[in-house]
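Right, one structure below, let's go through it.
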Number of protein chains: 2
Amino acid sequence: MNPIVIEKTNQIPAILAEQDLDLWLVFVRETSAAGDPVLPLIYGETGLTWQSALLYTSQGEKIAILGRFEVDTAEKIGAFDQVIPYDEDIRPILLEELQRISPRRIAVNYSQDDVLADGLTHGLFLTLQHILDSTPFAERLVSAQEVISALRGRKSKTEVERIKAAIASTMAIFDQAFTELTPGQSEIEIAQRMQAEVERRGLGYAWPKQNNPAVNTGPDSPVGHNAPTDLVIEPGHLLHFDFGVKKAGYCADIQRMVYFLEPGQTEAPELVRQGFETVVRAIQAAFEVIRPGVPGIEVDRAARTVVTEAGFPEYKYATGHQLGRLAHDGGALLGPAWARYGKTPFMPVEAGQVYTLEPGLMVPGFGYIGIEEDILVTYDGSQYLVPPQTELILK
Amino acid sequence: MNPIVIEKTNQIPAILAEQDLDLWLVFVRETSAAGDPVLPLIYGETGLTWQSALLYTSQGEKIAILGRFEVDTAEKIGAFDQVIPYDEDIRPILLEELQRISPRRIAVNYSQDDVLADGLTHGLFLTLQHILDSTPFAERLVSAQEVISALRGRKSKTEVERIKAAIASTMAIFDQAFTELTPGQSEIEIAQRMQAEVERRGLGYAWPKQNNPAVNTGPDSPVGHNAPTDLVIEPGHLLHFDFGVKKAGYCADIQRMVYFLEPGQTEAPELVRQGFETVVRAIQAAFEVIRPGVPGIEVDRAARTVVTEAGFPEYKYATGHQLGRLAHDGGALLGPAWARYGKTPFMPVEAGQVYTLEPGLMVPGFGYIGIEEDILVTYDGSQYLVPPQTELILK
């Protein structure tokens with residue numbers, strides 16, 4: 001038994017009731033080749049092979065219809081009231097269950113805005129429509145985006161514990177890395193030392209190892225989703241890290257900043273300090289605005305305005321994203337109203353969600369400053385899951 | 001540079017021309033969360049983050065449109081003539097390219113029958129339709145199923161070499177396992193020894209480790225996609241293996257049979273020999289029928305008829321599937337006309353495809369007999385990629 005699957009499937013009936021939905025239908029096939037990203041939450045890491053339907057009603061029923069040879073596996077998960085096998089064609093059994101439940105609307109997994117709620121492929125959608133042809137249900141399919149967004153976003157107790165554990169491991173590796181930094185080391189060297197520690201501890205990566213950690217030293221290092229280069233630390237460089245481990249299926253995502261003093265300096269230059277303080281103030285501004293009910297765009301605006309009003313160029317990405325099984329965990333986004341973000345910046349923040357706050361800016365001649373904190377939204381505000389960086393680390 | 005990506009993208013123009021298609025459009029986003037299964041063939045293992053479009057024309061143009069920060073990565077792949085970045089919205093650039101190319105039909109990645117050609121999610125399909133709204137292209141979308149099926153199925157030189165290497169490693173581990181078998185060992189013990197060898201050799205698994213190898217001893221072992229149990233080998237048992245490693249991204253998938261003599265026996269009992277010979281004959285019958293142009297259903301029928309005419313119960317699965325990057329590599333299937341297989345049994349076999357042949361049957365009182373060979377379809381027939389098992393291994 002997987003505690004996460006039990007906790008998450010127990011959240012479903014209330015979420016459906018809130019959204020006035022009778023039925024959520026998760027329709028999948030051959031998930032080892034192409035899986036629906038919601039499955040790890042509600043079915044675990046096991047695959048489903050033939051066309052399979054997982055049905056959840058607002059009344060709390062949990063039914064799996066699947067190929068006969070996968071019945072034992074499904075029953076052992078312990079998250080279904082009923083596991084119904086078939087041998088050749090799912091259609092008659094699925095229609096029978098739908099007729100019995102008689103839902104007014106059937107939520108299925110497609111979404112234009114949230115890749116994690118968009119697990120139903122277009123071909124499989126056509127197959128489902130074909131199965132429902134000449135029944136009243138064909139006209140009743142609606143997007144399950146808000147179901148998945150709520151389910152994925154509202155972390156259960158075990159999920160928050162696991163994210164905290166991933167953050168603790170990430171910070172332990174950061175702290176060790178900070179003590180070892182000296183001018184002359186290359187970005188690649190620094191990254192490899194941190195990765196050796198990730199592996200020594202038996203941890204995974206919150207995003208691909210290729211750029212985890214991202215390490216950027218000085219003004220010439222390419223910032224973005226780039227792999228570390230052989231640029232070396234020099235006195236007068238800002239050193240930027242973006243790093244997160246995955247532990248027991250859950251992720252951390254944290255950015256930290258170091259400055260290397262030039263001979264004779266006892267603090268960072270004025271412009272660097274200004275940049276650092278601006279990013280810290282931007283994070284604090286977002287932290288003060290975020291609470292249940294506020295749309296992400298307002299949180300983004302609070303941070304973004306601090307950066308632009310301080311005279312730094314506007315960052316070209318969202319202030320924060322959700323964090324969970326993935327570093328980018330989908331759903332509501334703390335972002336601006338840009339086309340590529342769709343509706344996600346307009347979705348209201350909910351209690352139980354975990355977000356990053358990660359504004360950034362370029363300090364010409366010194367390097368990139370980005371700090372990233374992880375926070376949990378509470379019923380009346382939010383709390384930091386990691387002690388925030390408020391002082392530039394000087395080396 | 002990834003030799004597979006170069007070889008495979010070079011196959012595209014001819015495939016499009018054959019199918020009278022001007023343009024194949026691969027439209028994806030955030031592939032680290034939910035990827036299109038065709039990407040490893042045409043883009044490699046790197047992810048794409050924002051909405052991204054890969055365009056291939058029958059004239060041989062290869063164009064990538066993607067978020068600015070991923071330009072360097074895309075260019076390094078070496079498989080595009082042109083990499084076009086965008087900052088906020090893919091729409092204007094994508095429309096401009098479509099207007100220039102002016103395709104009569106645009107193949108996109110959806111398929112009811114082939115999960116590996118169904119990488120476009122329904123939400124992203126709606127987004128694409130929205131992008132094309134009020135252009136003539138909105139009405140020109142067609143399924144790329146046959147493009148992907150041809151591309152994935154027709155193995156390039158490097159692909160066939162890699163499959164052969166995976167088969168060689170699989171057989172080496174089999175051969176070692178056979179020498180160590182004795183009554184009293186459990187299925188789990190045997191599987192763990194083989195897995196230790198997989199890991200010692202730095203290999204991967206062609207399907208999840210949980211049931212790779214599948215090991216079934218005697219008449220009471222559950223056969224199917226089940227993990228090995230603590231049932232132990234006894235004299236008079238048939239021992240069945242289903243095993244395959246993955247090496248350099250490509251898979252093997254092989255079943256082998258052993259019989260444990262009872263005291264005084266010098267050969268397997270009549271019924272066991274009959275069962276074994278029936279499966280061998282069924283494979284040989286399929287092998288003789290398969291050649292380019294023959295639909296999979298005919299190959300399936302050849303093998304299936306041998307089993308049922310010998311008086312054994314009909315197996316409840318397809319005689320064979322394609323093999324490649326995945327153990328179940330999609331496309332044309334050597335299967336019967338059952339609803340869950342859709343149209344795949346009616347697709348013609350093509351030269352360059354690699355298939356399994358794996359009929360099976362239950363011998364009451366002794367256990368399951370399944371043999372699985374891997375074959376390459378040639379221009380006028382086929383060839384075994386592994387020496388086929390024609391004698392029952394006696395222990």
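Ligands are numbered from 1 in the order shown, residues from 1 within each chain, and chains are lettered A, B, ... in the order they appear in the structure tokens.
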Please superimpose chain A on chain B using every C-alpha atom, paired by order, in a least-squares fit, and write the moved chain as a CSV table (one decimal) with C-alpha atoms, in the first residue's frame.
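Everything below was put into selection.csv:
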```
chain,number,residue,atom,x,y,z
A,1,MET,CA,25.3,14.4,-32.2
A,2,ASN,CA,23.0,11.4,-31.8
A,3,PRO,CA,23.5,9.0,-34.7
A,4,ILE,CA,19.9,7.6,-34.3
A,5,VAL,CA,18.3,11.1,-34.5
A,6,ILE,CA,20.3,11.9,-37.7
A,7,GLU,CA,19.4,8.5,-39.3
A,8,LYS,CA,15.8,8.8,-38.4
A,9,THR,CA,15.2,12.4,-39.4
A,10,ASN,CA,16.8,11.5,-42.7
A,11,GLN,CA,14.1,8.9,-43.3
A,12,ILE,CA,11.3,11.4,-42.9
A,13,PRO,CA,11.1,13.1,-46.4
A,14,ALA,CA,10.7,9.8,-48.3
A,15,ILE,CA,8.1,8.6,-45.8
A,16,LEU,CA,6.1,11.8,-46.3
A,17,ALA,CA,6.4,11.6,-50.1
A,18,GLU,CA,5.2,8.0,-50.1
A,19,GLN,CA,2.1,9.1,-48.1
A,20,ASP,CA,1.5,12.2,-50.2
A,21,LEU,CA,2.0,14.4,-47.2
A,22,ASP,CA,3.6,17.9,-47.5
A,23,LEU,CA,4.2,18.5,-43.8
A,24,TRP,CA,4.6,16.7,-40.5
A,25,LEU,CA,4.1,19.0,-37.5
A,26,VAL,CA,5.2,17.7,-34.1
A,27,PHE,CA,3.6,20.0,-31.5
A,28,VAL,CA,4.7,19.6,-27.9
A,29,ARG,CA,5.2,21.4,-24.5
A,30,GLU,CA,6.8,20.6,-21.1
A,31,THR,CA,8.0,17.3,-22.3
A,32,SER,CA,9.7,16.5,-19.0
A,33,ALA,CA,6.3,16.3,-17.5
A,34,ALA,CA,4.6,14.5,-20.3
A,35,GLY,CA,6.5,13.7,-23.5
A,36,ASP,CA,5.5,12.7,-27.0
A,37,PRO,CA,6.9,9.2,-27.4
A,38,VAL,CA,8.3,10.0,-30.9
A,39,LEU,CA,10.7,12.7,-29.6
A,40,PRO,CA,13.5,10.3,-28.6
A,41,LEU,CA,13.7,9.3,-32.3
A,42,ILE,CA,13.7,12.8,-33.8
A,43,TYR,CA,15.0,15.0,-31.0
A,44,GLY,CA,16.8,12.8,-28.6
A,45,GLU,CA,16.5,12.6,-24.8
A,46,THR,CA,16.5,16.4,-24.2
A,47,GLY,CA,13.3,18.1,-23.2
A,48,LEU,CA,11.3,21.0,-24.8
A,49,THR,CA,9.7,23.4,-22.4
A,50,TRP,CA,7.4,26.0,-23.9
A,51,GLN,CA,5.1,25.2,-26.8
A,52,SER,CA,7.4,24.0,-29.5
A,53,ALA,CA,6.9,23.0,-33.1
A,54,LEU,CA,9.1,20.7,-35.2
A,55,LEU,CA,8.3,20.9,-38.9
A,56,TYR,CA,9.4,18.3,-41.5
A,57,THR,CA,8.4,18.7,-45.2
A,58,SER,CA,8.5,16.2,-47.9
A,59,GLN,CA,11.0,18.5,-49.6
A,60,GLY,CA,13.4,17.7,-46.8
A,61,GLU,CA,13.1,20.9,-44.7
A,62,LYS,CA,13.6,20.4,-41.0
A,63,ILE,CA,12.6,23.4,-38.8
A,64,ALA,CA,12.3,23.8,-35.0
A,65,ILE,CA,10.4,26.7,-33.5
A,66,LEU,CA,10.9,26.9,-29.7
A,67,GLY,CA,11.6,29.0,-26.7
A,68,ARG,CA,14.7,31.2,-27.0
A,69,PHE,CA,16.5,29.6,-24.1
A,70,GLU,CA,16.5,26.2,-25.8
A,71,VAL,CA,18.0,27.3,-29.1
A,72,ASP,CA,21.6,26.3,-28.3
A,73,THR,CA,20.4,22.8,-27.3
A,74,ALA,CA,18.4,22.4,-30.4
A,75,GLU,CA,21.2,23.5,-32.7
A,76,LYS,CA,23.7,21.1,-31.1
A,77,ILE,CA,21.4,18.2,-32.0
A,78,GLY,CA,22.4,18.9,-35.6
A,79,ALA,CA,19.2,17.6,-37.1
A,80,PHE,CA,17.6,21.0,-38.1
A,81,ASP,CA,18.2,23.3,-41.1
A,82,GLN,CA,16.7,26.1,-39.1
A,83,VAL,CA,16.0,26.8,-35.4
A,84,ILE,CA,13.7,29.7,-34.8
A,85,PRO,CA,13.3,31.2,-31.3
A,86,TYR,CA,10.4,33.0,-29.8
A,87,ASP,CA,9.9,34.9,-26.5
A,88,GLU,CA,6.2,35.1,-25.7
A,89,ASP,CA,3.9,33.5,-28.3
A,90,ILE,CA,4.6,30.8,-30.9
A,91,ARG,CA,1.6,31.7,-33.0
A,92,PRO,CA,2.9,34.4,-35.3
A,93,ILE,CA,6.1,32.5,-36.2
A,94,LEU,CA,4.3,29.2,-36.7
A,95,LEU,CA,1.6,30.8,-38.9
A,96,GLU,CA,4.4,32.5,-41.0
A,97,GLU,CA,6.1,29.2,-41.6
A,98,LEU,CA,2.9,27.4,-42.4
A,99,GLN,CA,2.0,30.2,-44.9
A,100,ARG,CA,5.4,29.9,-46.6
A,101,ILE,CA,5.2,26.0,-46.8
A,102,SER,CA,1.5,26.1,-47.6
A,103,PRO,CA,0.8,22.4,-47.0
A,104,ARG,CA,-2.4,20.8,-48.4
A,105,ARG,CA,-2.4,18.4,-45.4
A,106,ILE,CA,-0.6,18.7,-42.0
A,107,ALA,CA,0.1,15.4,-40.2
A,108,VAL,CA,-0.1,15.7,-36.4
A,109,ASN,CA,0.5,13.1,-33.7
A,110,TYR,CA,-2.8,11.5,-32.8
A,111,SER,CA,-3.9,7.9,-33.3
A,112,GLN,CA,-6.7,5.7,-31.9
A,113,ASP,CA,-4.7,2.6,-32.6
A,114,ASP,CA,-1.1,3.3,-31.9
A,115,VAL,CA,-0.2,4.7,-28.5
A,116,LEU,CA,3.3,5.6,-29.8
A,117,ALA,CA,1.7,7.8,-32.6
A,118,ASP,CA,-0.6,9.4,-30.1
A,119,GLY,CA,1.7,11.9,-28.4
A,120,LEU,CA,-0.5,15.0,-29.0
A,121,THR,CA,-2.7,15.5,-25.9
A,122,HIS,CA,-6.3,16.5,-26.4
A,123,GLY,CA,-5.7,19.9,-24.7
A,124,LEU,CA,-2.7,20.7,-26.9
A,125,PHE,CA,-4.7,19.6,-29.9
A,126,LEU,CA,-7.4,22.2,-28.9
A,127,THR,CA,-4.6,24.8,-28.5
A,128,LEU,CA,-3.2,24.0,-32.0
A,129,GLN,CA,-6.7,24.3,-33.5
A,130,HIS,CA,-7.0,27.7,-31.7
A,131,ILE,CA,-3.7,28.9,-33.2
A,132,LEU,CA,-5.0,27.9,-36.7
A,133,ASP,CA,-8.4,29.4,-36.2
A,134,SER,CA,-9.4,31.6,-39.2
A,135,THR,CA,-6.6,30.2,-41.3
A,136,PRO,CA,-7.2,27.5,-44.0
A,137,PHE,CA,-4.8,25.2,-42.1
A,138,ALA,CA,-7.4,24.5,-39.3
A,139,GLU,CA,-9.2,22.1,-41.7
A,140,ARG,CA,-6.0,20.4,-42.9
A,141,LEU,CA,-5.0,18.4,-39.8
A,142,VAL,CA,-4.7,14.6,-40.4
A,143,SER,CA,-3.3,11.8,-38.3
A,144,ALA,CA,0.5,11.2,-38.5
A,145,GLN,CA,-0.1,7.6,-37.4
A,146,GLU,CA,1.3,6.1,-40.6
A,147,VAL,CA,4.3,8.5,-40.7
A,148,ILE,CA,5.3,7.5,-37.1
A,149,SER,CA,4.5,3.9,-37.7
A,150,ALA,CA,6.8,3.8,-40.8
A,151,LEU,CA,9.5,5.9,-39.1
A,152,ARG,CA,9.5,3.9,-35.9
A,153,GLY,CA,9.0,0.5,-37.6
A,154,ARG,CA,11.7,0.7,-40.3
A,155,LYS,CA,14.8,0.3,-38.3
A,156,SER,CA,17.9,2.1,-39.4
A,157,LYS,CA,21.3,0.4,-39.6
A,158,THR,CA,22.3,1.6,-36.1
A,159,GLU,CA,19.0,0.6,-34.6
A,160,VAL,CA,19.3,-3.0,-35.9
A,161,GLU,CA,22.8,-3.2,-34.5
A,162,ARG,CA,21.6,-2.0,-31.1
A,163,ILE,CA,18.7,-4.5,-31.0
A,164,LYS,CA,21.2,-7.3,-31.9
A,165,ALA,CA,23.5,-6.1,-29.1
A,166,ALA,CA,20.6,-6.2,-26.6
A,167,ILE,CA,19.6,-9.7,-27.7
A,168,ALA,CA,23.2,-10.9,-27.4
A,169,SER,CA,23.4,-9.6,-23.8
A,170,THR,CA,20.0,-11.1,-23.0
A,171,MET,CA,21.1,-14.6,-24.3
A,172,ALA,CA,24.4,-14.4,-22.4
A,173,ILE,CA,22.5,-13.8,-19.1
A,174,PHE,CA,20.0,-16.6,-20.1
A,175,ASP,CA,22.8,-19.1,-20.8
A,176,GLN,CA,24.5,-18.4,-17.4
A,177,ALA,CA,21.1,-18.7,-15.6
A,178,PHE,CA,20.4,-22.1,-17.3
A,179,THR,CA,23.6,-23.6,-15.9
A,180,GLU,CA,22.7,-22.6,-12.4
A,181,LEU,CA,19.1,-24.0,-12.2
A,182,THR,CA,18.2,-26.8,-9.8
A,183,PRO,CA,15.0,-27.9,-8.0
A,184,GLY,CA,14.3,-26.1,-4.8
A,185,GLN,CA,15.1,-22.7,-6.1
A,186,SER,CA,12.3,-20.2,-6.0
A,187,GLU,CA,11.1,-18.0,-8.9
A,188,ILE,CA,12.2,-14.9,-6.9
A,189,GLU,CA,15.7,-16.3,-6.3
A,190,ILE,CA,16.2,-17.1,-10.0
A,191,ALA,CA,14.9,-13.6,-11.0
A,192,GLN,CA,17.2,-11.9,-8.5
A,193,ARG,CA,20.3,-13.7,-9.8
A,194,MET,CA,19.5,-12.7,-13.4
A,195,GLN,CA,18.8,-9.1,-12.3
A,196,ALA,CA,22.1,-9.0,-10.4
A,197,GLU,CA,23.8,-9.9,-13.7
A,198,VAL,CA,21.9,-7.2,-15.6
A,199,GLU,CA,23.1,-4.7,-13.2
A,200,ARG,CA,26.7,-6.0,-13.0
A,201,ARG,CA,26.8,-5.5,-16.8
A,202,GLY,CA,25.4,-2.0,-16.6
A,203,LEU,CA,22.4,-2.9,-18.6
A,204,GLY,CA,18.8,-1.6,-18.4
A,205,TYR,CA,15.5,-3.4,-18.5
A,206,ALA,CA,13.3,-3.7,-21.6
A,207,TRP,CA,10.2,-3.5,-19.3
A,208,PRO,CA,9.9,-2.9,-15.6
A,209,LYS,CA,12.2,-4.8,-13.4
A,210,GLN,CA,9.3,-6.0,-11.3
A,211,ASN,CA,8.5,-8.7,-13.8
A,212,ASN,CA,11.7,-8.8,-15.9
A,213,PRO,CA,12.5,-11.6,-16.0
A,214,ALA,CA,9.0,-13.2,-15.5
A,215,VAL,CA,9.7,-16.7,-14.1
A,216,ASN,CA,7.0,-19.3,-13.9
A,217,THR,CA,7.6,-22.8,-12.4
A,218,GLY,CA,5.0,-25.5,-12.6
A,219,PRO,CA,1.3,-25.6,-13.1
A,220,ASP,CA,0.3,-23.2,-10.2
A,221,SER,CA,2.4,-20.1,-11.1
A,222,PRO,CA,0.3,-17.2,-12.3
A,223,VAL,CA,1.3,-16.4,-15.9
A,224,GLY,CA,0.9,-12.9,-17.4
A,225,HIS,CA,2.4,-9.7,-16.3
A,226,ASN,CA,3.1,-11.0,-12.9
A,227,ALA,CA,6.1,-10.7,-10.6
A,228,PRO,CA,8.0,-13.9,-9.7
A,229,THR,CA,6.6,-15.6,-6.6
A,230,ASP,CA,8.2,-17.8,-3.9
A,231,LEU,CA,7.0,-21.0,-5.7
A,232,VAL,CA,10.0,-23.4,-6.0
A,233,ILE,CA,11.1,-25.6,-8.8
A,234,GLU,CA,10.1,-29.2,-8.4
A,235,PRO,CA,10.9,-32.2,-10.6
A,236,GLY,CA,8.2,-32.5,-13.2
A,237,HIS,CA,7.8,-28.7,-13.6
A,238,LEU,CA,8.0,-26.7,-16.7
A,239,LEU,CA,10.0,-23.5,-16.1
A,240,HIS,CA,9.1,-20.5,-18.2
A,241,PHE,CA,11.1,-17.3,-18.6
A,242,ASP,CA,10.2,-14.0,-20.3
A,243,PHE,CA,13.2,-11.7,-20.2
A,244,GLY,CA,14.8,-8.8,-22.1
A,245,VAL,CA,17.5,-6.2,-21.4
A,246,LYS,CA,17.7,-2.7,-22.8
A,247,LYS,CA,21.1,-1.6,-24.1
A,248,ALA,CA,22.0,1.8,-25.6
A,249,GLY,CA,18.3,2.6,-25.8
A,250,TYR,CA,17.1,-0.6,-27.6
A,251,CYS,CA,15.4,-3.7,-26.3
A,252,ALA,CA,15.4,-7.5,-26.5
A,253,ASP,CA,12.3,-9.6,-25.6
A,254,ILE,CA,12.8,-13.4,-25.4
A,255,GLN,CA,11.0,-16.4,-23.8
A,256,ARG,CA,12.7,-19.7,-23.1
A,257,MET,CA,11.6,-23.1,-21.7
A,258,VAL,CA,13.2,-25.6,-19.3
A,259,TYR,CA,11.8,-28.9,-18.1
A,260,PHE,CA,12.9,-30.6,-14.8
A,261,LEU,CA,13.1,-34.4,-15.2
A,262,GLU,CA,11.5,-36.6,-12.5
A,263,PRO,CA,13.7,-39.4,-11.2
A,264,GLY,CA,13.9,-42.1,-13.9
A,265,GLN,CA,12.8,-39.8,-16.7
A,266,THR,CA,15.2,-39.3,-19.7
A,267,GLU,CA,12.8,-37.1,-21.6
A,268,ALA,CA,9.8,-34.9,-20.9
A,269,PRO,CA,6.4,-36.6,-20.8
A,270,GLU,CA,4.5,-37.0,-24.1
A,271,LEU,CA,2.0,-34.1,-23.3
A,272,VAL,CA,4.9,-31.7,-22.5
A,273,ARG,CA,6.7,-32.7,-25.7
A,274,GLN,CA,3.5,-32.2,-27.7
A,275,GLY,CA,3.0,-28.8,-26.2
A,276,PHE,CA,6.6,-27.7,-26.8
A,277,GLU,CA,6.6,-28.9,-30.4
A,278,THR,CA,3.3,-27.2,-31.0
A,279,VAL,CA,4.7,-23.8,-29.9
A,280,VAL,CA,7.8,-24.4,-32.0
A,281,ARG,CA,5.7,-25.3,-35.1
A,282,ALA,CA,3.5,-22.2,-34.4
A,283,ILE,CA,6.5,-19.9,-34.5
A,284,GLN,CA,7.8,-21.6,-37.6
A,285,ALA,CA,4.4,-21.2,-39.3
A,286,ALA,CA,4.4,-17.4,-38.5
A,287,PHE,CA,8.0,-17.1,-39.7
A,288,GLU,CA,7.1,-18.7,-43.0
A,289,VAL,CA,4.2,-16.4,-43.6
A,290,ILE,CA,5.7,-13.0,-42.6
A,291,ARG,CA,7.1,-10.8,-45.4
A,292,PRO,CA,6.5,-7.2,-46.5
A,293,GLY,CA,2.9,-6.5,-47.6
A,294,VAL,CA,1.3,-9.3,-45.5
A,295,PRO,CA,-1.1,-7.9,-42.8
A,296,GLY,CA,-0.2,-8.9,-39.3
A,297,ILE,CA,-3.5,-10.8,-38.8
A,298,GLU,CA,-2.4,-13.4,-41.4
A,299,VAL,CA,0.8,-14.0,-39.5
A,300,ASP,CA,-1.1,-14.3,-36.2
A,301,ARG,CA,-3.6,-16.7,-37.8
A,302,ALA,CA,-0.8,-19.0,-39.1
A,303,ALA,CA,0.6,-19.4,-35.5
A,304,ARG,CA,-2.8,-19.4,-33.7
A,305,THR,CA,-4.2,-22.1,-36.0
A,306,VAL,CA,-1.3,-24.5,-35.2
A,307,VAL,CA,-2.1,-24.2,-31.5
A,308,THR,CA,-5.9,-24.6,-31.7
A,309,GLU,CA,-5.7,-27.4,-34.3
A,310,ALA,CA,-3.3,-29.3,-31.9
A,311,GLY,CA,-6.2,-29.2,-29.4
A,312,PHE,CA,-4.6,-26.6,-27.0
A,313,PRO,CA,-6.6,-23.6,-25.7
A,314,GLU,CA,-6.2,-20.4,-27.8
A,315,TYR,CA,-3.8,-17.9,-26.3
A,316,LYS,CA,-5.5,-14.6,-25.3
A,317,TYR,CA,-2.9,-12.2,-26.7
A,318,ALA,CA,-1.3,-11.3,-30.0
A,319,THR,CA,1.3,-13.7,-31.6
A,320,GLY,CA,3.8,-10.9,-31.9
A,321,HIS,CA,4.6,-7.2,-31.5
A,322,GLN,CA,7.3,-4.8,-32.8
A,323,LEU,CA,10.4,-4.4,-30.8
A,324,GLY,CA,12.7,-1.4,-30.7
A,325,ARG,CA,13.2,1.4,-28.2
A,326,LEU,CA,10.4,-0.2,-26.3
A,327,ALA,CA,9.7,-3.9,-25.8
A,328,HIS,CA,6.2,-3.1,-27.2
A,329,ASP,CA,7.2,-0.7,-30.0
A,330,GLY,CA,3.7,-0.1,-31.4
A,331,GLY,CA,2.6,0.1,-35.0
A,332,ALA,CA,1.5,-3.0,-37.0
A,333,LEU,CA,0.7,-5.9,-34.7
A,334,LEU,CA,0.8,-9.7,-35.5
A,335,GLY,CA,-2.6,-10.0,-33.8
A,336,PRO,CA,-6.2,-11.2,-34.2
A,337,ALA,CA,-9.1,-8.9,-35.0
A,338,TRP,CA,-10.0,-8.1,-31.4
A,339,ALA,CA,-11.5,-4.7,-30.4
A,340,ARG,CA,-8.7,-3.8,-28.1
A,341,TYR,CA,-6.1,-4.1,-31.0
A,342,GLY,CA,-8.0,-1.6,-33.2
A,343,LYS,CA,-6.7,-1.5,-36.8
A,344,THR,CA,-3.1,-2.6,-35.9
A,345,PRO,CA,-3.6,-6.3,-37.0
A,346,PHE,CA,-4.6,-5.1,-40.5
A,347,MET,CA,-1.5,-2.9,-41.1
A,348,PRO,CA,0.9,-4.5,-43.6
A,349,VAL,CA,4.3,-5.7,-42.4
A,350,GLU,CA,7.2,-3.7,-43.8
A,351,ALA,CA,10.9,-4.4,-44.5
A,352,GLY,CA,13.1,-3.3,-41.7
A,353,GLN,CA,10.6,-4.0,-38.9
A,354,VAL,CA,11.6,-6.1,-36.0
A,355,TYR,CA,8.9,-8.4,-34.4
A,356,THR,CA,8.6,-10.9,-31.6
A,357,LEU,CA,6.9,-14.3,-32.3
A,358,GLU,CA,5.5,-15.6,-29.0
A,359,PRO,CA,2.6,-18.1,-29.1
A,360,GLY,CA,2.0,-20.0,-25.9
A,361,LEU,CA,-0.2,-22.7,-24.3
A,362,MET,CA,-0.9,-24.3,-20.9
A,363,VAL,CA,0.0,-27.9,-20.3
A,364,PRO,CA,-2.3,-29.1,-17.5
A,365,GLY,CA,-0.3,-30.5,-14.5
A,366,PHE,CA,3.1,-29.3,-15.8
A,367,GLY,CA,3.0,-25.5,-16.5
A,368,TYR,CA,3.0,-22.9,-19.2
A,369,ILE,CA,4.9,-23.2,-22.4
A,370,GLY,CA,5.8,-19.9,-24.2
A,371,ILE,CA,8.7,-19.4,-26.5
A,372,GLU,CA,9.5,-15.9,-27.9
A,373,GLU,CA,11.9,-15.2,-30.8
A,374,ASP,CA,12.9,-11.9,-32.3
A,375,ILE,CA,13.0,-11.5,-36.1
A,376,LEU,CA,13.9,-8.9,-38.7
A,377,VAL,CA,11.6,-8.5,-41.7
A,378,THR,CA,13.8,-8.4,-44.9
A,379,TYR,CA,12.8,-7.5,-48.4
A,380,ASP,CA,11.6,-11.0,-49.3
A,381,GLY,CA,10.9,-12.7,-46.0
A,382,SER,CA,12.5,-12.5,-42.5
A,383,GLN,CA,15.5,-13.6,-40.5
A,384,TYR,CA,15.9,-14.7,-36.9
A,385,LEU,CA,17.9,-12.2,-34.8
A,386,VAL,CA,18.5,-15.0,-32.2
A,387,PRO,CA,19.0,-18.7,-32.7
A,388,PRO,CA,15.5,-20.0,-32.1
A,389,GLN,CA,14.8,-22.5,-29.3
A,390,THR,CA,13.8,-25.8,-31.0
A,391,GLU,CA,14.7,-28.2,-28.2
A,392,LEU,CA,13.3,-28.2,-24.6
A,393,ILE,CA,16.2,-27.6,-22.2
A,394,LEU,CA,16.2,-30.7,-19.8
A,395,LYS,CA,17.6,-30.4,-16.3
```
List every residue of range 190-349 of chain A that DSSP, applied to the backbone of this structure, assigns to alpha helix (DSSP H), and report them as a PyMOL selection string. chain A and resi 190-200+270-289+296-309
Please extract the residues of range 103-173 of chain B with a backbone DSSP assignment of strand (DSSP E) and present them as a list in words.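 Output for range 103-173 of chain B, strand (DSSP E) only: Ile106, Ala107, Val108, Leu141, Val142 and Ser143 of chain B.
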